Amino acid sequence: MQLDAMYQEIILDHYRNPHNKGLRDPHNAEAHHINPTCGDEVTLRVALTPSNGNGIDGSATISDISYDSMGCSISQASASVMTDLLIGRTVDEAMRTADAFTELMHSKGQGEPDEDVLEDAAAFVGVSKYPARIKCALLAWMAWKDATAQSLDKEKEGAS
């Protein structure tokens with residue numbers, strides 16, 4: 001029970017004191033996602049920096065993620081936690097982290113979060129017990145994947 005209380009406190013802290021909230025420039029791409037079930041919304045920008053001048057690909061570094069959002073504490077806190085986790089990582093590393101979070105969210109409360117990989121995102125393990133809240137927790141993560149895919153597609157189009 002103590003662990004649940006600690007996890008709830010992490011979520012509430014990120015909700016009350018969101019990290020990286022407020023849209024910033026420069027950015028490579030922007031995505032806007034809405035959870036039609038509850039009305040939560042997020043507009044998210046991602047800025048990628050090529051590694052070794054090789055262009056934007058899986059080895060590019062996520063130099064910034066910024067967002068503007070409205071919605072429940074879970075969607076807001078998840079966006080904040082996600083930015084902390086992914087900024088500074090390569091796209092490939094971030095995709096693995098996003099996949100681990102998505103897997104946790106679909107575990108129906110049975111998942112064991114790897115805190116070494118998910119850090120504060122492990123606090124959302126309890127959310128996976130509530131199907132209606134899973135989309136809230138995943139909203140910003142899906143917007144990040146969308147914006148990142150747009151960035152990678154723009155790079156491919158520019159190279160051809």
# chains A, B, ... in the order shown; residues from 1 in each chain; ligands from 1

$ residues_around --residues "Leu118 of chain A" --least-positions-apart "6" --cutoff "8 Å" --atoms "only C-alpha atoms" --output "list in words"
Leu85, Thr97, Ala100 and Phe101 of chain A

$ write_last_selection --atoms "N, CA and C atoms" --output "compact mmCIF listing (two decimals), in the first residue's frame"
# COMPACT_ATOMS: atom_id res chain seq x y z
N LEU A 85 11.45 11.70 -19.38
CA LEU A 85 12.06 10.42 -19.77
C LEU A 85 12.72 10.47 -21.14
N THR A 97 11.41 2.84 -24.82
CA THR A 97 10.78 3.28 -23.58
C THR A 97 9.28 3.42 -23.77
N ALA A 100 7.72 0.05 -23.78
CA ALA A 100 7.65 -0.50 -22.43
C ALA A 100 6.47 0.11 -21.66
N PHE A 101 6.25 1.43 -21.84
CA PHE A 101 5.14 2.09 -21.17
C PHE A 101 3.81 1.58 -21.72

$ residues_around --residues "His106 of chain A" --least-positions-apart "2" --cutoff "8 Å" --atoms "only C-alpha atoms" --output "JSON, numbers by chain"
{"A": [102, 103, 104, 108, 128, 134]}

$ select_by_dssp --residues "chain A" --states "strand (DSSP E)" --output "list in words"
Ala29, Glu30, Ala31, His32, His33, Ile34, Glu41, Val42, Thr43, Leu44, Arg45, Val46, Ala47, Leu48, Thr49, Thr61, Ile62, Ser63, Asp64, Ile65, Ser66, Tyr67, Asp68, Ser69 and Met70 of chain A

$ atom_distance --atom1 "atom CA of Asp92 of chain A" --atom2 "atom CA of Ala143 of chain A"
16.3 Å

$ residues_around --residues "Gln8 of chain A" --least-positions-apart "3" --cutoff "9 Å" --atoms "only C-alpha atoms" --output "PDB file with C-alpha atoms, in the first residue's frame"
ATOM      1  CA  LEU A   3       4.088   1.942  -2.922  1.00  0.00           C
ATOM      2  CA  ASP A   4       0.632   2.878  -4.259  1.00  0.00           C
ATOM      3  CA  ALA A   5       0.649   6.056  -2.159  1.00  0.00           C
ATOM      4  CA  ILE A  11       1.385  11.506 -10.477  1.00  0.00           C
ATOM      5  CA  LEU A  12      -0.069  14.385  -8.447  1.00  0.00           C
ATOM      6  CA  ASP A  13       3.299  16.165  -8.307  1.00  0.00           C
ATOM      7  CA  ALA A 123       3.850   5.156 -11.161  1.00  0.00           C
ATOM      8  CA  PHE A 124       1.141   4.607 -13.775  1.00  0.00           C
ATOM      9  CA  GLY A 126      -2.240   1.231 -11.241  1.00  0.00           C
TER      10      GLY A 126
END

$ residues_around --residues "Lys135 of chain A" --least-positions-apart "5" --cutoff "9 Å" --atoms "only C-alpha atoms" --output "PyMOL selection string"
chain A and resi 35+37+75+105

$ closest_residue --among "A:Ala98, A:Ile87, A:Tyr15, A:Arg45" --to "Met70 of chain A" --atoms "only C-alpha atoms"
A:Tyr15

$ residues_around --residues "Thr43 of chain A" --least-positions-apart "4" --cutoff "6 Å" --atoms "only C-alpha atoms" --output "JSON, numbers by chain"
{"A": [31, 32, 67, 68]}

$ write_last_selection --atoms "C-alpha atoms" --output "CSV table (one decimal), in the first residue's frame"
chain,number,residue,atom,x,y,z
A,31,ALA,CA,0.9,16.6,-33.4
A,32,HIS,CA,-2.5,17.2,-31.9
A,67,TYR,CA,3.3,20.4,-25.2
A,68,ASP,CA,0.1,22.2,-24.4

$ residues_around --residues "segment 48-53 of chain A" --least-positions-apart "6" --cutoff "6 Å" --atoms "only C-alpha atoms" --output "JSON, numbers by chain"
{"A": [60, 61, 62, 63]}

$ write_last_selection --atoms "N, CA and C atoms" --output "mmCIF file, in the first residue's frame"
data_model
loop_
_atom_site.group_PDB
_atom_site.id
_atom_site.type_symbol
_atom_site.label_atom_id
_atom_site.label_comp_id
_atom_site.auth_asym_id
_atom_site.auth_seq_id
_atom_site.Cartn_x
_atom_site.Cartn_y
_atom_site.Cartn_z
ATOM 1 N N ALA A 60 19.023 9.888 -34.100
ATOM 2 C CA ALA A 60 18.884 11.318 -33.778
ATOM 3 C C ALA A 60 18.526 11.461 -32.302
ATOM 4 N N THR A 61 18.960 12.552 -31.720
ATOM 5 C CA THR A 61 18.675 12.826 -30.313
ATOM 6 C C THR A 61 17.433 13.696 -30.198
ATOM 7 N N ILE A 62 16.618 13.387 -29.223
ATOM 8 C CA ILE A 62 15.441 14.216 -28.935
ATOM 9 C C ILE A 62 15.950 15.393 -28.117
ATOM 10 N N SER A 63 16.040 16.548 -28.768
ATOM 11 C CA SER A 63 16.580 17.722 -28.085
ATOM 12 C C SER A 63 15.512 18.480 -27.311
#

$ residues_around --residues "Asn20 of chain A" --least-positions-apart "2" --cutoff "8 Å" --atoms "only C-alpha atoms" --output "list in words"
Pro18, Gly22, Ile65, Ser66, Tyr67, Ser80 and Thr83 of chain A

$ write_last_selection --atoms "N, CA and C atoms" --output "tab-separated table (two decimals), in the first residue's frame"
chain	number	residue	atom	x	y	z
A	18	PRO	N	3.84	20.61	-13.81
A	18	PRO	CA	4.21	19.93	-15.06
A	18	PRO	C	5.56	20.40	-15.61
A	22	GLY	N	4.08	24.04	-22.32
A	22	GLY	CA	4.18	25.30	-23.06
A	22	GLY	C	4.90	25.03	-24.36
A	65	ILE	N	10.99	18.30	-26.24
A	65	ILE	CA	9.58	17.97	-26.38
A	65	ILE	C	8.84	19.01	-25.56
A	66	SER	N	7.90	19.67	-26.18
A	66	SER	CA	7.07	20.63	-25.45
A	66	SER	C	5.61	20.34	-25.81
A	67	TYR	N	4.73	20.77	-24.94
A	67	TYR	CA	3.33	20.44	-25.17
A	67	TYR	C	2.42	21.46	-24.50
A	80	SER	N	3.98	15.09	-18.69
A	80	SER	CA	5.13	15.64	-17.98
A	80	SER	C	6.21	14.58	-17.75
A	83	THR	N	8.04	13.63	-21.05
A	83	THR	CA	9.07	14.57	-21.51
A	83	THR	C	10.36	14.38	-20.73

$ atom_distance --atom1 "atom CA of Val125 of chain A" --atom2 "atom CA of Gly109 of chain A"
6.3 Å

$ atom_distance --atom1 "atom CA of Asp64 of chain A" --atom2 "atom CA of Asp153 of chain A"
18.2 Å

$ closest_residue --among "A:Ala77, A:Ile10, A:Val127, A:Ala47" --to "Thr90 of chain A" --atoms "only C-alpha atoms"
A:Ala47

$ closest_residue --among "A:Met82, A:Lys145, A:Ser73, A:Val46" --to "Met95 of chain A" --atoms "only C-alpha atoms"
A:Lys145

$ closest_residue --among "A:Cys72, A:Val81, A:Ile56, A:Leu44" --to "Glu155 of chain A" --atoms "only C-alpha atoms"
A:Ile56

$ decode --residues "segment 12-43 of chain A" --atoms "N, CA and C atoms" --output "PDB file, in the first residue's frame"
ATOM      1  N   LEU A  12       0.464  13.084  -8.865  1.00  0.00           N
ATOM      2  CA  LEU A  12      -0.069  14.385  -8.447  1.00  0.00           C
ATOM      3  C   LEU A  12       0.981  15.483  -8.539  1.00  0.00           C
ATOM      4  N   ASP A  13       2.232  15.160  -8.227  1.00  0.00           N
ATOM      5  CA  ASP A  13       3.299  16.165  -8.307  1.00  0.00           C
ATOM      6  C   ASP A  13       3.502  16.619  -9.754  1.00  0.00           C
ATOM      7  N   HIS A  14       3.523  15.671 -10.690  1.00  0.00           N
ATOM      8  CA  HIS A  14       3.678  16.037 -12.106  1.00  0.00           C
ATOM      9  C   HIS A  14       2.455  16.792 -12.620  1.00  0.00           C
ATOM     10  N   TYR A  15       1.288  16.484 -12.090  1.00  0.00           N
ATOM     11  CA  TYR A  15       0.071  17.201 -12.488  1.00  0.00           C
ATOM     12  C   TYR A  15       0.119  18.647 -11.992  1.00  0.00           C
ATOM     13  N   ARG A  16       0.520  18.823 -10.746  1.00  0.00           N
ATOM     14  CA  ARG A  16       0.555  20.170 -10.150  1.00  0.00           C
ATOM     15  C   ARG A  16       1.727  21.003 -10.656  1.00  0.00           C
ATOM     16  N   ASN A  17       2.834  20.340 -10.983  1.00  0.00           N
ATOM     17  CA  ASN A  17       4.059  21.017 -11.416  1.00  0.00           C
ATOM     18  C   ASN A  17       4.566  20.382 -12.708  1.00  0.00           C
ATOM     19  N   PRO A  18       3.842  20.606 -13.807  1.00  0.00           N
ATOM     20  CA  PRO A  18       4.208  19.935 -15.060  1.00  0.00           C
ATOM     21  C   PRO A  18       5.557  20.403 -15.610  1.00  0.00           C
ATOM     22  N   HIS A  19       6.293  19.452 -16.126  1.00  0.00           N
ATOM     23  CA  HIS A  19       7.592  19.736 -16.741  1.00  0.00           C
ATOM     24  C   HIS A  19       7.416  19.886 -18.244  1.00  0.00           C
ATOM     25  N   ASN A  20       8.079  20.862 -18.819  1.00  0.00           N
ATOM     26  CA  ASN A  20       8.133  21.089 -20.270  1.00  0.00           C
ATOM     27  C   ASN A  20       6.798  21.470 -20.889  1.00  0.00           C
ATOM     28  N   LYS A  21       5.879  21.975 -20.085  1.00  0.00           N
ATOM     29  CA  LYS A  21       4.586  22.411 -20.604  1.00  0.00           C
ATOM     30  C   LYS A  21       4.740  23.804 -21.207  1.00  0.00           C
ATOM     31  N   GLY A  22       4.078  24.043 -22.317  1.00  0.00           N
ATOM     32  CA  GLY A  22       4.184  25.295 -23.055  1.00  0.00           C
ATOM     33  C   GLY A  22       4.902  25.031 -24.357  1.00  0.00           C
ATOM     34  N   LEU A  23       4.262  25.310 -25.461  1.00  0.00           N
ATOM     35  CA  LEU A  23       4.840  25.011 -26.782  1.00  0.00           C
ATOM     36  C   LEU A  23       6.059  25.889 -27.053  1.00  0.00           C
ATOM     37  N   ARG A  24       7.129  25.245 -27.523  1.00  0.00           N
ATOM     38  CA  ARG A  24       8.384  25.961 -27.803  1.00  0.00           C
ATOM     39  C   ARG A  24       8.838  25.709 -29.236  1.00  0.00           C
ATOM     40  N   ASP A  25       9.610  26.657 -29.701  1.00  0.00           N
ATOM     41  CA  ASP A  25      10.313  26.537 -30.989  1.00  0.00           C
ATOM     42  C   ASP A  25      11.797  26.495 -30.686  1.00  0.00           C
ATOM     43  N   PRO A  26      12.601  25.974 -31.558  1.00  0.00           N
ATOM     44  CA  PRO A  26      12.263  25.337 -32.832  1.00  0.00           C
ATOM     45  C   PRO A  26      11.727  23.917 -32.600  1.00  0.00           C
ATOM     46  N   HIS A  27      11.040  23.401 -33.606  1.00  0.00           N
ATOM     47  CA  HIS A  27      10.556  22.034 -33.554  1.00  0.00           C
ATOM     48  C   HIS A  27      10.516  21.480 -34.973  1.00  0.00           C
ATOM     49  N   ASN A  28      10.621  20.163 -35.073  1.00  0.00           N
ATOM     50  CA  ASN A  28      10.576  19.492 -36.372  1.00  0.00           C
ATOM     51  C   ASN A  28       9.153  19.146 -36.785  1.00  0.00           C
ATOM     52  N   ALA A  29       8.319  18.839 -35.787  1.00  0.00           N
ATOM     53  CA  ALA A  29       6.945  18.438 -36.100  1.00  0.00           C
ATOM     54  C   ALA A  29       6.058  18.655 -34.882  1.00  0.00           C
ATOM     55  N   GLU A  30       4.753  18.712 -35.179  1.00  0.00           N
ATOM     56  CA  GLU A  30       3.757  18.936 -34.133  1.00  0.00           C
ATOM     57  C   GLU A  30       2.591  17.983 -34.382  1.00  0.00           C
ATOM     58  N   ALA A  31       2.039  17.456 -33.303  1.00  0.00           N
ATOM     59  CA  ALA A  31       0.875  16.580 -33.409  1.00  0.00           C
ATOM     60  C   ALA A  31      -0.162  17.012 -32.383  1.00  0.00           C
ATOM     61  N   HIS A  32      -1.415  16.907 -32.775  1.00  0.00           N
ATOM     62  CA  HIS A  32      -2.523  17.228 -31.873  1.00  0.00           C
ATOM     63  C   HIS A  32      -3.380  15.973 -31.741  1.00  0.00           C
ATOM     64  N   HIS A  33      -3.551  15.496 -30.518  1.00  0.00           N
ATOM     65  CA  HIS A  33      -4.356  14.305 -30.287  1.00  0.00           C
ATOM     66  C   HIS A  33      -5.452  14.615 -29.276  1.00  0.00           C
ATOM     67  N   ILE A  34      -6.582  13.964 -29.479  1.00  0.00           N
ATOM     68  CA  ILE A  34      -7.737  14.109 -28.602  1.00  0.00           C
ATOM     69  C   ILE A  34      -8.200  12.720 -28.169  1.00  0.00           C
ATOM     70  N   ASN A  35      -8.534  12.600 -26.902  1.00  0.00           N
ATOM     71  CA  ASN A  35      -9.159  11.375 -26.417  1.00  0.00           C
ATOM     72  C   ASN A  35     -10.670  11.608 -26.507  1.00  0.00           C
ATOM     73  N   PRO A  36     -11.328  11.027 -27.512  1.00  0.00           N
ATOM     74  CA  PRO A  36     -12.754  11.308 -27.699  1.00  0.00           C
ATOM     75  C   PRO A  36     -13.624  10.802 -26.554  1.00  0.00           C
ATOM     76  N   THR A  37     -13.127   9.857 -25.802  1.00  0.00           N
ATOM     77  CA  THR A  37     -13.894   9.300 -24.698  1.00  0.00           C
ATOM     78  C   THR A  37     -14.135  10.324 -23.601  1.00  0.00           C
ATOM     79  N   CYS A  38     -13.096  11.128 -23.296  1.00  0.00           N
ATOM     80  CA  CYS A  38     -13.209  12.048 -22.165  1.00  0.00           C
ATOM     81  C   CYS A  38     -12.961  13.509 -22.531  1.00  0.00           C
ATOM     82  N   GLY A  39     -12.419  13.758 -23.719  1.00  0.00           N
ATOM     83  CA  GLY A  39     -12.183  15.132 -24.139  1.00  0.00           C
ATOM     84  C   GLY A  39     -10.790  15.659 -23.840  1.00  0.00           C
ATOM     85  N   ASP A  40      -9.915  14.846 -23.238  1.00  0.00           N
ATOM     86  CA  ASP A  40      -8.535  15.282 -23.017  1.00  0.00           C
ATOM     87  C   ASP A  40      -7.887  15.602 -24.362  1.00  0.00           C
ATOM     88  N   GLU A  41      -7.033  16.627 -24.371  1.00  0.00           N
ATOM     89  CA  GLU A  41      -6.337  17.030 -25.595  1.00  0.00           C
ATOM     90  C   GLU A  41      -4.881  17.329 -25.301  1.00  0.00           C
ATOM     91  N   VAL A  42      -4.038  17.105 -26.305  1.00  0.00           N
ATOM     92  CA  VAL A  42      -2.640  17.500 -26.212  1.00  0.00           C
ATOM     93  C   VAL A  42      -2.154  17.934 -27.591  1.00  0.00           C
ATOM     94  N   THR A  43      -1.417  19.022 -27.614  1.00  0.00           N
ATOM     95  CA  THR A  43      -0.658  19.439 -28.791  1.00  0.00           C
ATOM     96  C   THR A  43       0.794  19.317 -28.379  1.00  0.00           C
TER      97      THR A  43
END
